[in-house]
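Have a look at query_11.pdb; it's PDB, N, CA and C atoms:
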ATOM      1  N   MET W  17      26.839  19.644  49.685
ATOM      2  CA  MET W  17      26.241  20.394  48.592
ATOM      3  C   MET W  17      26.066  19.467  47.389
ATOM      4  N   GLY W  18      24.850  19.445  46.791
ATOM      5  CA  GLY W  18      24.567  18.558  45.672
ATOM      6  C   GLY W  18      25.005  19.155  44.348
ATOM      7  N   MET W  19      24.811  18.358  43.330
ATOM      8  CA  MET W  19      25.129  18.807  41.971
ATOM      9  C   MET W  19      24.093  19.837  41.529
ATOM     10  N   PRO W  20      24.513  20.862  40.794
ATOM     11  CA  PRO W  20      23.530  21.816  40.291
ATOM     12  C   PRO W  20      22.604  21.139  39.282
ATOM     13  N   GLU W  21      21.378  21.589  39.221
ATOM     14  CA  GLU W  21      20.401  21.040  38.286
ATOM     15  C   GLU W  21      20.755  21.494  36.866
ATOM     16  N   LEU W  22      20.965  20.528  35.987
ATOM     17  CA  LEU W  22      21.318  20.864  34.606
ATOM     18  C   LEU W  22      20.276  20.367  33.622
ATOM     19  N   SER W  23      19.095  20.070  34.139
ATOM     20  CA  SER W  23      18.014  19.608  33.283
ATOM     21  C   SER W  23      17.784  20.630  32.173
ATOM     22  N   GLY W  24      17.732  20.161  30.965
ATOM     23  CA  GLY W  24      17.498  21.050  29.838
ATOM     24  C   GLY W  24      18.769  21.488  29.126
ATOM     25  N   LEU W  25      19.935  21.254  29.735
ATOM     26  CA  LEU W  25      21.187  21.642  29.083
ATOM     27  C   LEU W  25      21.542  20.593  28.034
ATOM     28  N   GLU W  26      21.779  21.038  26.822
ATOM     29  CA  GLU W  26      22.140  20.141  25.731
ATOM     30  C   GLU W  26      23.416  20.649  25.072
ATOM     31  N   LEU W  27      24.133  19.731  24.445
ATOM     32  CA  LEU W  27      25.357  20.123  23.744
ATOM     33  C   LEU W  27      25.074  21.196  22.698
ATOM     34  N   ARG W  28      23.897  21.147  22.113
ATOM     35  CA  ARG W  28      23.501  22.150  21.122
ATOM     36  C   ARG W  28      23.599  23.552  21.726
ATOM     37  N   HIS W  29      23.117  23.701  22.968
ATOM     38  CA  HIS W  29      23.197  24.998  23.629
ATOM     39  C   HIS W  29      24.644  25.481  23.690
ATOM     40  N   LEU W  30      25.553  24.581  24.023
ATOM     41  CA  LEU W  30      26.961  24.962  24.154
ATOM     42  C   LEU W  30      27.565  25.304  22.793
ATOM     43  N   ARG W  31      27.238  24.526  21.771
ATOM     44  CA  ARG W  31      27.752  24.828  20.424
ATOM     45  C   ARG W  31      27.256  26.194  19.960
ATOM     46  N   TYR W  32      25.985  26.472  20.184
ATOM     47  CA  TYR W  32      25.423  27.751  19.790
ATOM     48  C   TYR W  32      26.074  28.880  20.578
ATOM     49  N   PHE W  33      26.231  28.675  21.869
ATOM     50  CA  PHE W  33      26.856  29.696  22.709
ATOM     51  C   PHE W  33      28.272  30.010  22.218
ATOM     52  N   VAL W  34      29.063  28.975  21.937
ATOM     53  CA  VAL W  34      30.443  29.181  21.488
ATOM     54  C   VAL W  34      30.458  29.959  20.169
ATOM     55  N   ALA W  35      29.562  29.629  19.260
ATOM     56  CA  ALA W  35      29.512  30.344  17.976
ATOM     57  C   ALA W  35      29.213  31.826  18.198
ATOM     58  N   VAL W  36      28.236  32.130  19.049
ATOM     59  CA  VAL W  36      27.896  33.528  19.319
ATOM     60  C   VAL W  36      29.055  34.219  20.038
ATOM     61  N   ALA W  37      29.660  33.535  20.995
ATOM     62  CA  ALA W  37      30.762  34.116  21.763
ATOM     63  C   ALA W  37      31.970  34.406  20.875
ATOM     64  N   GLU W  38      32.222  33.554  19.907
ATOM     65  CA  GLU W  38      33.365  33.776  19.015
ATOM     66  C   GLU W  38      33.077  34.887  18.011
ATOM     67  N   GLU W  39      31.849  34.953  17.524
ATOM     68  CA  GLU W  39      31.484  35.984  16.543
ATOM     69  C   GLU W  39      31.154  37.316  17.200
ATOM     70  N   LEU W  40      30.619  37.258  18.417
ATOM     71  CA  LEU W  40      30.073  38.438  19.103
ATOM     72  C   LEU W  40      29.074  39.165  18.206
ATOM     73  N   ASN W  41      28.335  38.352  17.431
ATOM     74  CA  ASN W  41      27.326  38.879  16.518
ATOM     75  C   ASN W  41      26.318  37.759  16.263
ATOM     76  N   LEU W  42      25.064  37.993  16.642
ATOM     77  CA  LEU W  42      24.043  36.949  16.503
ATOM     78  C   LEU W  42      23.762  36.600  15.052
ATOM     79  N   SER W  43      23.716  37.582  14.177
ATOM     80  CA  SER W  43      23.421  37.314  12.764
ATOM     81  C   SER W  43      24.491  36.445  12.127
ATOM     82  N   ARG W  44      25.747  36.799  12.338
ATOM     83  CA  ARG W  44      26.850  35.994  11.764
ATOM     84  C   ARG W  44      26.870  34.593  12.354
ATOM     85  N   ALA W  45      26.654  34.485  13.660
ATOM     86  CA  ALA W  45      26.640  33.169  14.302
ATOM     87  C   ALA W  45      25.496  32.321  13.746
ATOM     88  N   ALA W  46      24.345  32.930  13.561
ATOM     89  CA  ALA W  46      23.198  32.197  13.012
ATOM     90  C   ALA W  46      23.509  31.676  11.612
ATOM     91  N   ARG W  47      24.123  32.525  10.783
ATOM     92  CA  ARG W  47      24.505  32.080   9.427
ATOM     93  C   ARG W  47      25.493  30.927   9.502
ATOM     94  N   GLN W  48      26.474  31.034  10.378
ATOM     95  CA  GLN W  48      27.488  29.988  10.532
ATOM     96  C   GLN W  48      26.844  28.665  10.964
ATOM     97  N   LEU W  49      25.818  28.756  11.801
ATOM     98  CA  LEU W  49      25.149  27.563  12.328
ATOM     99  C   LEU W  49      24.021  27.069  11.425
ATOM    100  N   HIS W  50      23.733  27.819  10.368
ATOM    101  CA  HIS W  50      22.663  27.478   9.421
ATOM    102  C   HIS W  50      21.297  27.444  10.096
ATOM    103  N   ILE W  51      21.055  28.422  10.964
ATOM    104  CA  ILE W  51      19.745  28.591  11.575
ATOM    105  C   ILE W  51      19.406  30.076  11.511
ATOM    106  N   SER W  52      18.149  30.413  11.777
ATOM    107  CA  SER W  52      17.792  31.832  11.770
ATOM    108  C   SER W  52      18.074  32.435  13.149
ATOM    109  N   GLN W  53      18.101  33.747  13.183
ATOM    110  CA  GLN W  53      18.498  34.437  14.415
ATOM    111  C   GLN W  53      17.509  34.258  15.578
ATOM    112  N   PRO W  54      16.182  34.340  15.352
ATOM    113  CA  PRO W  54      15.277  34.204  16.506
ATOM    114  C   PRO W  54      15.427  32.884  17.286
ATOM    115  N   PRO W  55      15.515  31.727  16.607
ATOM    116  CA  PRO W  55      15.725  30.497  17.371
ATOM    117  C   PRO W  55      17.077  30.486  18.105
ATOM    118  N   LEU W  56      18.090  31.096  17.498
ATOM    119  CA  LEU W  56      19.400  31.164  18.158
ATOM    120  C   LEU W  56      19.295  32.004  19.427
ATOM    121  N   THR W  57      18.610  33.121  19.334
ATOM    122  CA  THR W  57      18.416  33.972  20.509
ATOM    123  C   THR W  57      17.685  33.198  21.604
ATOM    124  N   ARG W  58      16.649  32.435  21.235
ATOM    125  CA  ARG W  58      15.908  31.640  22.225
ATOM    126  C   ARG W  58      16.808  30.596  22.877
ATOM    127  N   GLN W  59      17.671  29.966  22.092
ATOM    128  CA  GLN W  59      18.576  28.957  22.644
ATOM    129  C   GLN W  59      19.545  29.574  23.652
ATOM    130  N   ILE W  60      20.050  30.758  23.347
ATOM    131  CA  ILE W  60      20.956  31.452  24.270
ATOM    132  C   ILE W  60      20.196  31.825  25.545
ATOM    133  N   GLN W  61      18.966  32.286  25.399
ATOM    134  CA  GLN W  61      18.152  32.624  26.571
ATOM    135  C   GLN W  61      17.891  31.383  27.428
ATOM    136  N   GLN W  62      17.631  30.250  26.788
ATOM    137  CA  GLN W  62      17.431  28.998  27.535
ATOM    138  C   GLN W  62      18.698  28.624  28.292
ATOM    139  N   LEU W  63      19.841  28.764  27.638
ATOM    140  CA  LEU W  63      21.109  28.444  28.286
ATOM    141  C   LEU W  63      21.329  29.350  29.490
ATOM    142  N   GLU W  64      21.058  30.641  29.329
ATOM    143  CA  GLU W  64      21.204  31.572  30.454
ATOM    144  C   GLU W  64      20.294  31.171  31.611
ATOM    145  N   SER W  65      19.112  30.692  31.290
ATOM    146  CA  SER W  65      18.183  30.245  32.328
ATOM    147  C   SER W  65      18.722  29.013  33.048
ATOM    148  N   VAL W  66      19.275  28.063  32.296
ATOM    149  CA  VAL W  66      19.815  26.835  32.888
ATOM    150  C   VAL W  66      21.012  27.144  33.785
ATOM    151  N   VAL W  67      21.926  27.991  33.315
ATOM    152  CA  VAL W  67      23.133  28.270  34.109
ATOM    153  C   VAL W  67      22.877  29.336  35.167
ATOM    154  N   GLY W  68      21.784  30.059  35.039
ATOM    155  CA  GLY W  68      21.437  31.055  36.046
ATOM    156  C   GLY W  68      22.309  32.298  36.018
ATOM    157  N   ALA W  69      22.765  32.653  34.816
ATOM    158  CA  ALA W  69      23.619  33.835  34.690
ATOM    159  C   ALA W  69      23.439  34.438  33.305
ATOM    160  N   GLN W  70      23.575  35.757  33.238
ATOM    161  CA  GLN W  70      23.574  36.443  31.954
ATOM    162  C   GLN W  70      24.943  36.223  31.317
ATOM    163  N   LEU W  71      24.951  35.810  30.061
ATOM    164  CA  LEU W  71      26.199  35.467  29.377
ATOM    165  C   LEU W  71      26.690  36.576  28.444
ATOM    166  N   PHE W  72      25.770  37.421  27.983
ATOM    167  CA  PHE W  72      26.114  38.504  27.069
ATOM    168  C   PHE W  72      25.474  39.795  27.553
ATOM    169  N   THR W  73      26.108  40.912  27.207
ATOM    170  CA  THR W  73      25.498  42.221  27.404
ATOM    171  C   THR W  73      25.477  42.932  26.060
ATOM    172  N   ARG W  74      24.509  43.780  25.881
ATOM    173  CA  ARG W  74      24.449  44.588  24.666
ATOM    174  C   ARG W  74      25.353  45.799  24.842
ATOM    175  N   THR W  75      26.071  46.142  23.788
ATOM    176  CA  THR W  75      26.937  47.315  23.804
ATOM    177  C   THR W  75      26.608  48.165  22.579
ATOM    178  N   ALA W  76      27.219  49.325  22.509
ATOM    179  CA  ALA W  76      27.030  50.189  21.339
ATOM    180  C   ALA W  76      27.532  49.500  20.068
ATOM    181  N   ARG W  77      28.476  48.573  20.225
ATOM    182  CA  ARG W  77      29.062  47.897  19.065
ATOM    183  C   ARG W  77      28.437  46.538  18.805
ATOM    184  N   GLY W  78      27.472  46.127  19.614
ATOM    185  CA  GLY W  78      26.843  44.820  19.429
ATOM    186  C   GLY W  78      26.661  44.115  20.760
ATOM    187  N   ILE W  79      27.327  42.992  20.920
ATOM    188  CA  ILE W  79      27.236  42.262  22.180
ATOM    189  C   ILE W  79      28.631  41.959  22.702
ATOM    190  N   ALA W  80      28.727  41.730  23.998
ATOM    191  CA  ALA W  80      29.996  41.389  24.637
ATOM    192  C   ALA W  80      29.723  40.304  25.670
ATOM    193  N   LEU W  81      30.731  39.513  25.942
ATOM    194  CA  LEU W  81      30.618  38.482  26.980
ATOM    195  C   LEU W  81      30.657  39.119  28.358
ATOM    196  N   THR W  82      29.822  38.620  29.254
ATOM    197  CA  THR W  82      29.926  38.999  30.659
ATOM    198  C   THR W  82      31.054  38.166  31.273
ATOM    199  N   GLU W  83      31.370  38.410  32.530
ATOM    200  CA  GLU W  83      32.380  37.578  33.202
ATOM    201  C   GLU W  83      31.926  36.120  33.227
ATOM    202  N   ALA W  84      30.640  35.898  33.504
ATOM    203  CA  ALA W  84      30.107  34.529  33.494
ATOM    204  C   ALA W  84      30.245  33.920  32.102
ATOM    205  N   GLY W  85      29.986  34.726  31.068
ATOM    206  CA  GLY W  85      30.124  34.247  29.697
ATOM    207  C   GLY W  85      31.553  33.854  29.364
ATOM    208  N   LYS W  86      32.513  34.621  29.868
ATOM    209  CA  LYS W  86      33.924  34.302  29.625
ATOM    210  C   LYS W  86      34.295  32.969  30.265
ATOM    211  N   VAL W  87      33.784  32.731  31.477
ATOM    212  CA  VAL W  87      34.050  31.454  32.152
ATOM    213  C   VAL W  87      33.420  30.310  31.364
ATOM    214  N   LEU W  88      32.154  30.500  30.971
ATOM    215  CA  LEU W  88      31.471  29.430  30.248
ATOM    216  C   LEU W  88      32.126  29.158  28.901
ATOM    217  N   LEU W  89      32.658  30.175  28.244
ATOM    218  CA  LEU W  89      33.312  29.958  26.951
ATOM    219  C   LEU W  89      34.467  28.976  27.092
ATOM    220  N   VAL W  90      35.275  29.137  28.115
ATOM    221  CA  VAL W  90      36.397  28.214  28.352
ATOM    222  C   VAL W  90      35.869  26.814  28.652
ATOM    223  N   GLU W  91      34.909  26.737  29.565
ATOM    224  CA  GLU W  91      34.386  25.437  29.986
ATOM    225  C   GLU W  91      33.622  24.744  28.871
ATOM    226  N   ALA W  92      32.843  25.488  28.102
ATOM    227  CA  ALA W  92      32.099  24.901  26.991
ATOM    228  C   ALA W  92      33.064  24.357  25.941
ATOM    229  N   GLY W  93      34.134  25.100  25.671
ATOM    230  CA  GLY W  93      35.152  24.605  24.737
ATOM    231  C   GLY W  93      35.752  23.300  25.219
ATOM    232  N   ASN W  94      36.026  23.213  26.530
ATOM    233  CA  ASN W  94      36.567  21.970  27.098
ATOM    234  C   ASN W  94      35.573  20.825  26.962
ATOM    235  N   LEU W  95      34.302  21.090  27.271
ATOM    236  CA  LEU W  95      33.280  20.042  27.181
ATOM    237  C   LEU W  95      33.087  19.557  25.754
ATOM    238  N   LEU W  96      33.037  20.480  24.805
ATOM    239  CA  LEU W  96      32.860  20.085  23.410
ATOM    240  C   LEU W  96      34.064  19.298  22.908
ATOM    241  N   SER W  97      35.257  19.695  23.311
ATOM    242  CA  SER W  97      36.460  18.966  22.933
ATOM    243  C   SER W  97      36.452  17.564  23.535
ATOM    244  N   PHE W  98      36.095  17.467  24.809
ATOM    245  CA  PHE W  98      36.013  16.179  25.489
ATOM    246  C   PHE W  98      34.990  15.275  24.798
ATOM    247  N   THR W  99      33.865  15.848  24.400
ATOM    248  CA  THR W  99      32.828  15.074  23.722
ATOM    249  C   THR W  99      33.326  14.546  22.383
ATOM    250  N   ARG W 100      34.029  15.406  21.614
ATOM    251  CA  ARG W 100      34.590  14.948  20.326
ATOM    252  C   ARG W 100      35.581  13.816  20.556
ATOM    253  N   GLN W 101      36.434  13.947  21.564
ATOM    254  CA  GLN W 101      37.411  12.901  21.869
ATOM    255  C   GLN W 101      36.712  11.605  22.256
ATOM    256  N   ALA W 102      35.661  11.684  23.036
ATOM    257  CA  ALA W 102      34.923  10.490  23.458
ATOM    258  C   ALA W 102      34.341   9.765  22.246
ATOM    259  N   VAL W 103      33.781  10.529  21.312
ATOM    260  CA  VAL W 103      33.208   9.924  20.109
ATOM    261  C   VAL W 103      34.310   9.289  19.267
ATOM    262  N   GLU W 104      35.425   9.995  19.082
ATOM    263  CA  GLU W 104      36.540   9.457  18.290
ATOM    264  C   GLU W 104      37.084   8.173  18.909
ATOM    265  N   ARG W 105      37.253   8.160  20.227
ATOM    266  CA  ARG W 105      37.783   6.970  20.903
ATOM    267  C   ARG W 105      36.807   5.801  20.808
ATOM    268  N   THR W 106      35.518   6.108  20.852
ATOM    269  CA  THR W 106      34.500   5.069  20.774
ATOM    270  C   THR W 106      34.514   4.414  19.395
ATOM    271  N   ARG W 107      34.739   5.229  18.379
ATOM    272  CA  ARG W 107      34.770   4.688  17.002
ATOM    273  C   ARG W 107      36.003   3.848  16.801
TER     274      ARG W 107
END

Rendering of file as structure tokens:
Amino acid sequence: MGMPELSGLELRHLRYFVAVAEELNLSRAARQLHISQPPLTRQIQQLESVVGAQLFTRTARGIALTEAGKVLLVEAGNLLSFTRQAVERTR
């Protein structure tokens, strides 16, 4: 079995995803990231397309992580941490 195709996946997608997942609110996450909500929504949709899974569901209270979203939140946090460590060690 080969590696899954990750063409189009960027660290930006993961940072945006983590912000939305932590806030569980697109407007607040967009403000935190200093971008507007429509581009943030598009980035999340692109990420869902790349990973091939829905990451959030809409609820009466806003949005919630799906099971796939919960898995990605842990893994994205690990990847972002690893990336920060790599940059720090390189410097």

request  = Point out the residue among W:Arg107, W:Arg44, W:Ile60, W:Gln53 with the least atom-to-atom distance to Leu30 in chain W, counting only C-alpha atoms.
outcome  =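 Closest to Leu30 in chain W of all the choices is W:Ile60.
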
ask   = So which bits of range 28-99 of chain W end up helix (DSSP H, G or I) when you DSSP the backbone, as a ChimeraX atom specification?
value = /W:28-39,42-49,53-67,83-99

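Comparing the minimum interatomic distances between Leu40 in chain W and each of W:Pro55, W:Gly68, W:Glu26, W:Arg77, counting all atoms listed in the file, we find that W:Arg77 sits nearest.
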
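Summary of the local environment: counting only C-alpha atoms, residues at most 12 Å from Ser43 in chain W, other than itself and those fewer than 6 positions away along its chain, are Ala35, Val36, Leu49, His50, Ile51, Ser52, Gln53, Pro54, Pro55, Leu56, Thr57, Gly78 and Ile79 of chain W.
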
Let's have the selection written as a short mmCIF file (atom, residue, chain, number, x, y, z; two decimals), in the coordinates of the input, with N, CA and C atoms.
data_model
loop_
_atom_site.label_atom_id
_atom_site.label_comp_id
_atom_site.auth_asym_id
_atom_site.auth_seq_id
_atom_site.Cartn_x
_atom_site.Cartn_y
_atom_site.Cartn_z
N ALA W 35 29.56 29.63 19.26
CA ALA W 35 29.51 30.34 17.98
C ALA W 35 29.21 31.83 18.20
N VAL W 36 28.24 32.13 19.05
CA VAL W 36 27.90 33.53 19.32
C VAL W 36 29.06 34.22 20.04
N LEU W 49 25.82 28.76 11.80
CA LEU W 49 25.15 27.56 12.33
C LEU W 49 24.02 27.07 11.42
N HIS W 50 23.73 27.82 10.37
CA HIS W 50 22.66 27.48 9.42
C HIS W 50 21.30 27.44 10.10
N ILE W 51 21.06 28.42 10.96
CA ILE W 51 19.74 28.59 11.58
C ILE W 51 19.41 30.08 11.51
N SER W 52 18.15 30.41 11.78
CA SER W 52 17.79 31.83 11.77
C SER W 52 18.07 32.44 13.15
N GLN W 53 18.10 33.75 13.18
CA GLN W 53 18.50 34.44 14.42
C GLN W 53 17.51 34.26 15.58
N PRO W 54 16.18 34.34 15.35
CA PRO W 54 15.28 34.20 16.51
C PRO W 54 15.43 32.88 17.29
N PRO W 55 15.52 31.73 16.61
CA PRO W 55 15.72 30.50 17.37
C PRO W 55 17.08 30.49 18.10
N LEU W 56 18.09 31.10 17.50
CA LEU W 56 19.40 31.16 18.16
C LEU W 56 19.30 32.00 19.43
N THR W 57 18.61 33.12 19.33
CA THR W 57 18.42 33.97 20.51
C THR W 57 17.68 33.20 21.60
N GLY W 78 27.47 46.13 19.61
CA GLY W 78 26.84 44.82 19.43
C GLY W 78 26.66 44.12 20.76
N ILE W 79 27.33 42.99 20.92
CA ILE W 79 27.24 42.26 22.18
C ILE W 79 28.63 41.96 22.70
#

task = Could you check how far CA of Leu63 in chain W sits from CA of Glu38 in chain W, in Å to one decimal?
result =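 Straight-line distance from CA of Leu63 in chain W to CA of Glu38 in chain W works out to 16.3 Å.
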
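In this structure, atom C of Ser97 in chain W sits 14.1 Å away from atom N of Tyr32 in chain W.
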
ask   = Out of W:Ser65, W:Ser23, W:Leu42, W:Val34, which residue has the shortest atom-to-atom distance to Val90 in chain W when counting only C-alpha atoms?
value = W:Val34

Atomic distance CA of Gln59 in chain W - atom N of Ala76 in chain W, expressed in Å with one decimal = 22.1 Å

query = So what does the PyMOL selection byres ((chain W and resi 70) around 6) actually pick up in this one, as number ranges by chain?
reply = W: 64, 68-69, 71-72, 82, 84-85

Where atoms are absent from range 89-100 of chain W, fill them in so it carries all heavy atoms, then output it as a PDB file, in the coordinates of the input.
ATOM      1  N   LEU W  89      32.658  30.175  28.244  1.00  0.00           N
ATOM      2  CA  LEU W  89      33.312  29.958  26.951  1.00  0.00           C
ATOM      3  C   LEU W  89      34.467  28.976  27.092  1.00  0.00           C
ATOM      4  O   LEU W  89      34.613  28.053  26.284  1.00  0.00           O
ATOM      5  CB  LEU W  89      33.796  31.282  26.356  1.00  0.00           C
ATOM      6  CG  LEU W  89      34.484  31.195  24.996  1.00  0.00           C
ATOM      7  CD1 LEU W  89      33.597  30.532  23.950  1.00  0.00           C
ATOM      8  CD2 LEU W  89      34.911  32.576  24.545  1.00  0.00           C
ATOM      9  N   VAL W  90      35.275  29.137  28.115  1.00  0.00           N
ATOM     10  CA  VAL W  90      36.397  28.214  28.352  1.00  0.00           C
ATOM     11  C   VAL W  90      35.869  26.814  28.652  1.00  0.00           C
ATOM     12  O   VAL W  90      36.307  25.822  28.065  1.00  0.00           O
ATOM     13  CB  VAL W  90      37.293  28.718  29.505  1.00  0.00           C
ATOM     14  CG1 VAL W  90      38.322  27.674  29.902  1.00  0.00           C
ATOM     15  CG2 VAL W  90      37.961  30.019  29.118  1.00  0.00           C
ATOM     16  N   GLU W  91      34.909  26.737  29.565  1.00  0.00           N
ATOM     17  CA  GLU W  91      34.386  25.437  29.986  1.00  0.00           C
ATOM     18  C   GLU W  91      33.622  24.744  28.871  1.00  0.00           C
ATOM     19  O   GLU W  91      33.730  23.523  28.700  1.00  0.00           O
ATOM     20  CB  GLU W  91      33.511  25.590  31.232  1.00  0.00           C
ATOM     21  CG  GLU W  91      34.244  26.138  32.433  1.00  0.00           C
ATOM     22  CD  GLU W  91      35.423  25.284  32.891  1.00  0.00           C
ATOM     23  OE1 GLU W  91      35.492  24.075  32.569  1.00  0.00           O
ATOM     24  OE2 GLU W  91      36.301  25.833  33.572  1.00  0.00           O
ATOM     25  N   ALA W  92      32.843  25.488  28.102  1.00  0.00           N
ATOM     26  CA  ALA W  92      32.099  24.901  26.991  1.00  0.00           C
ATOM     27  C   ALA W  92      33.064  24.357  25.941  1.00  0.00           C
ATOM     28  O   ALA W  92      32.849  23.276  25.390  1.00  0.00           O
ATOM     29  CB  ALA W  92      31.158  25.930  26.372  1.00  0.00           C
ATOM     30  N   GLY W  93      34.134  25.100  25.671  1.00  0.00           N
ATOM     31  CA  GLY W  93      35.152  24.605  24.737  1.00  0.00           C
ATOM     32  C   GLY W  93      35.752  23.300  25.219  1.00  0.00           C
ATOM     33  O   GLY W  93      35.944  22.358  24.440  1.00  0.00           O
ATOM     34  N   ASN W  94      36.026  23.213  26.530  1.00  0.00           N
ATOM     35  CA  ASN W  94      36.567  21.970  27.098  1.00  0.00           C
ATOM     36  C   ASN W  94      35.573  20.825  26.962  1.00  0.00           C
ATOM     37  O   ASN W  94      35.950  19.703  26.585  1.00  0.00           O
ATOM     38  CB  ASN W  94      36.920  22.165  28.580  1.00  0.00           C
ATOM     39  CG  ASN W  94      38.103  23.074  28.788  1.00  0.00           C
ATOM     40  OD1 ASN W  94      38.925  23.277  27.891  1.00  0.00           O
ATOM     41  ND2 ASN W  94      38.194  23.661  29.966  1.00  0.00           N
ATOM     42  N   LEU W  95      34.302  21.090  27.271  1.00  0.00           N
ATOM     43  CA  LEU W  95      33.280  20.042  27.181  1.00  0.00           C
ATOM     44  C   LEU W  95      33.087  19.557  25.754  1.00  0.00           C
ATOM     45  O   LEU W  95      32.972  18.350  25.507  1.00  0.00           O
ATOM     46  CB  LEU W  95      31.951  20.559  27.731  1.00  0.00           C
ATOM     47  CG  LEU W  95      31.849  20.638  29.237  1.00  0.00           C
ATOM     48  CD1 LEU W  95      30.632  21.449  29.656  1.00  0.00           C
ATOM     49  CD2 LEU W  95      31.784  19.247  29.839  1.00  0.00           C
ATOM     50  N   LEU W  96      33.037  20.480  24.805  1.00  0.00           N
ATOM     51  CA  LEU W  96      32.860  20.085  23.410  1.00  0.00           C
ATOM     52  C   LEU W  96      34.064  19.298  22.908  1.00  0.00           C
ATOM     53  O   LEU W  96      33.911  18.314  22.184  1.00  0.00           O
ATOM     54  CB  LEU W  96      32.586  21.311  22.541  1.00  0.00           C
ATOM     55  CG  LEU W  96      31.236  21.993  22.823  1.00  0.00           C
ATOM     56  CD1 LEU W  96      31.152  23.327  22.083  1.00  0.00           C
ATOM     57  CD2 LEU W  96      30.076  21.086  22.465  1.00  0.00           C
ATOM     58  N   SER W  97      35.257  19.695  23.311  1.00  0.00           N
ATOM     59  CA  SER W  97      36.460  18.966  22.933  1.00  0.00           C
ATOM     60  C   SER W  97      36.452  17.564  23.535  1.00  0.00           C
ATOM     61  O   SER W  97      36.755  16.573  22.859  1.00  0.00           O
ATOM     62  CB  SER W  97      37.704  19.735  23.395  1.00  0.00           C
ATOM     63  OG  SER W  97      38.871  19.015  23.104  1.00  0.00           O
ATOM     64  N   PHE W  98      36.095  17.467  24.809  1.00  0.00           N
ATOM     65  CA  PHE W  98      36.013  16.179  25.489  1.00  0.00           C
ATOM     66  C   PHE W  98      34.990  15.275  24.798  1.00  0.00           C
ATOM     67  O   PHE W  98      35.232  14.086  24.602  1.00  0.00           O
ATOM     68  CB  PHE W  98      35.639  16.388  26.962  1.00  0.00           C
ATOM     69  CG  PHE W  98      35.510  15.116  27.726  1.00  0.00           C
ATOM     70  CD1 PHE W  98      36.642  14.434  28.157  1.00  0.00           C
ATOM     71  CD2 PHE W  98      34.259  14.595  28.021  1.00  0.00           C
ATOM     72  CE1 PHE W  98      36.524  13.245  28.862  1.00  0.00           C
ATOM     73  CE2 PHE W  98      34.138  13.416  28.724  1.00  0.00           C
ATOM     74  CZ  PHE W  98      35.268  12.737  29.149  1.00  0.00           C
ATOM     75  N   THR W  99      33.865  15.848  24.400  1.00  0.00           N
ATOM     76  CA  THR W  99      32.828  15.074  23.722  1.00  0.00           C
ATOM     77  C   THR W  99      33.326  14.546  22.383  1.00  0.00           C
ATOM     78  O   THR W  99      33.106  13.380  22.036  1.00  0.00           O
ATOM     79  CB  THR W  99      31.567  15.934  23.528  1.00  0.00           C
ATOM     80  OG1 THR W  99      31.129  16.390  24.814  1.00  0.00           O
ATOM     81  CG2 THR W  99      30.454  15.160  22.865  1.00  0.00           C
ATOM     82  N   ARG W 100      34.029  15.406  21.614  1.00  0.00           N
ATOM     83  CA  ARG W 100      34.590  14.948  20.326  1.00  0.00           C
ATOM     84  C   ARG W 100      35.581  13.816  20.556  1.00  0.00           C
ATOM     85  O   ARG W 100      35.579  12.820  19.820  1.00  0.00           O
ATOM     86  CB  ARG W 100      35.286  16.116  19.613  1.00  0.00           C
ATOM     87  CG  ARG W 100      34.335  17.035  18.873  1.00  0.00           C
ATOM     88  CD  ARG W 100      35.070  18.032  17.980  1.00  0.00           C
ATOM     89  NE  ARG W 100      35.841  18.990  18.750  1.00  0.00           N
ATOM     90  CZ  ARG W 100      35.362  20.126  19.240  1.00  0.00           C
ATOM     91  NH1 ARG W 100      34.116  20.460  19.020  1.00  0.00           N
ATOM     92  NH2 ARG W 100      36.122  20.946  19.930  1.00  0.00           N
TER      93      ARG W 100
END
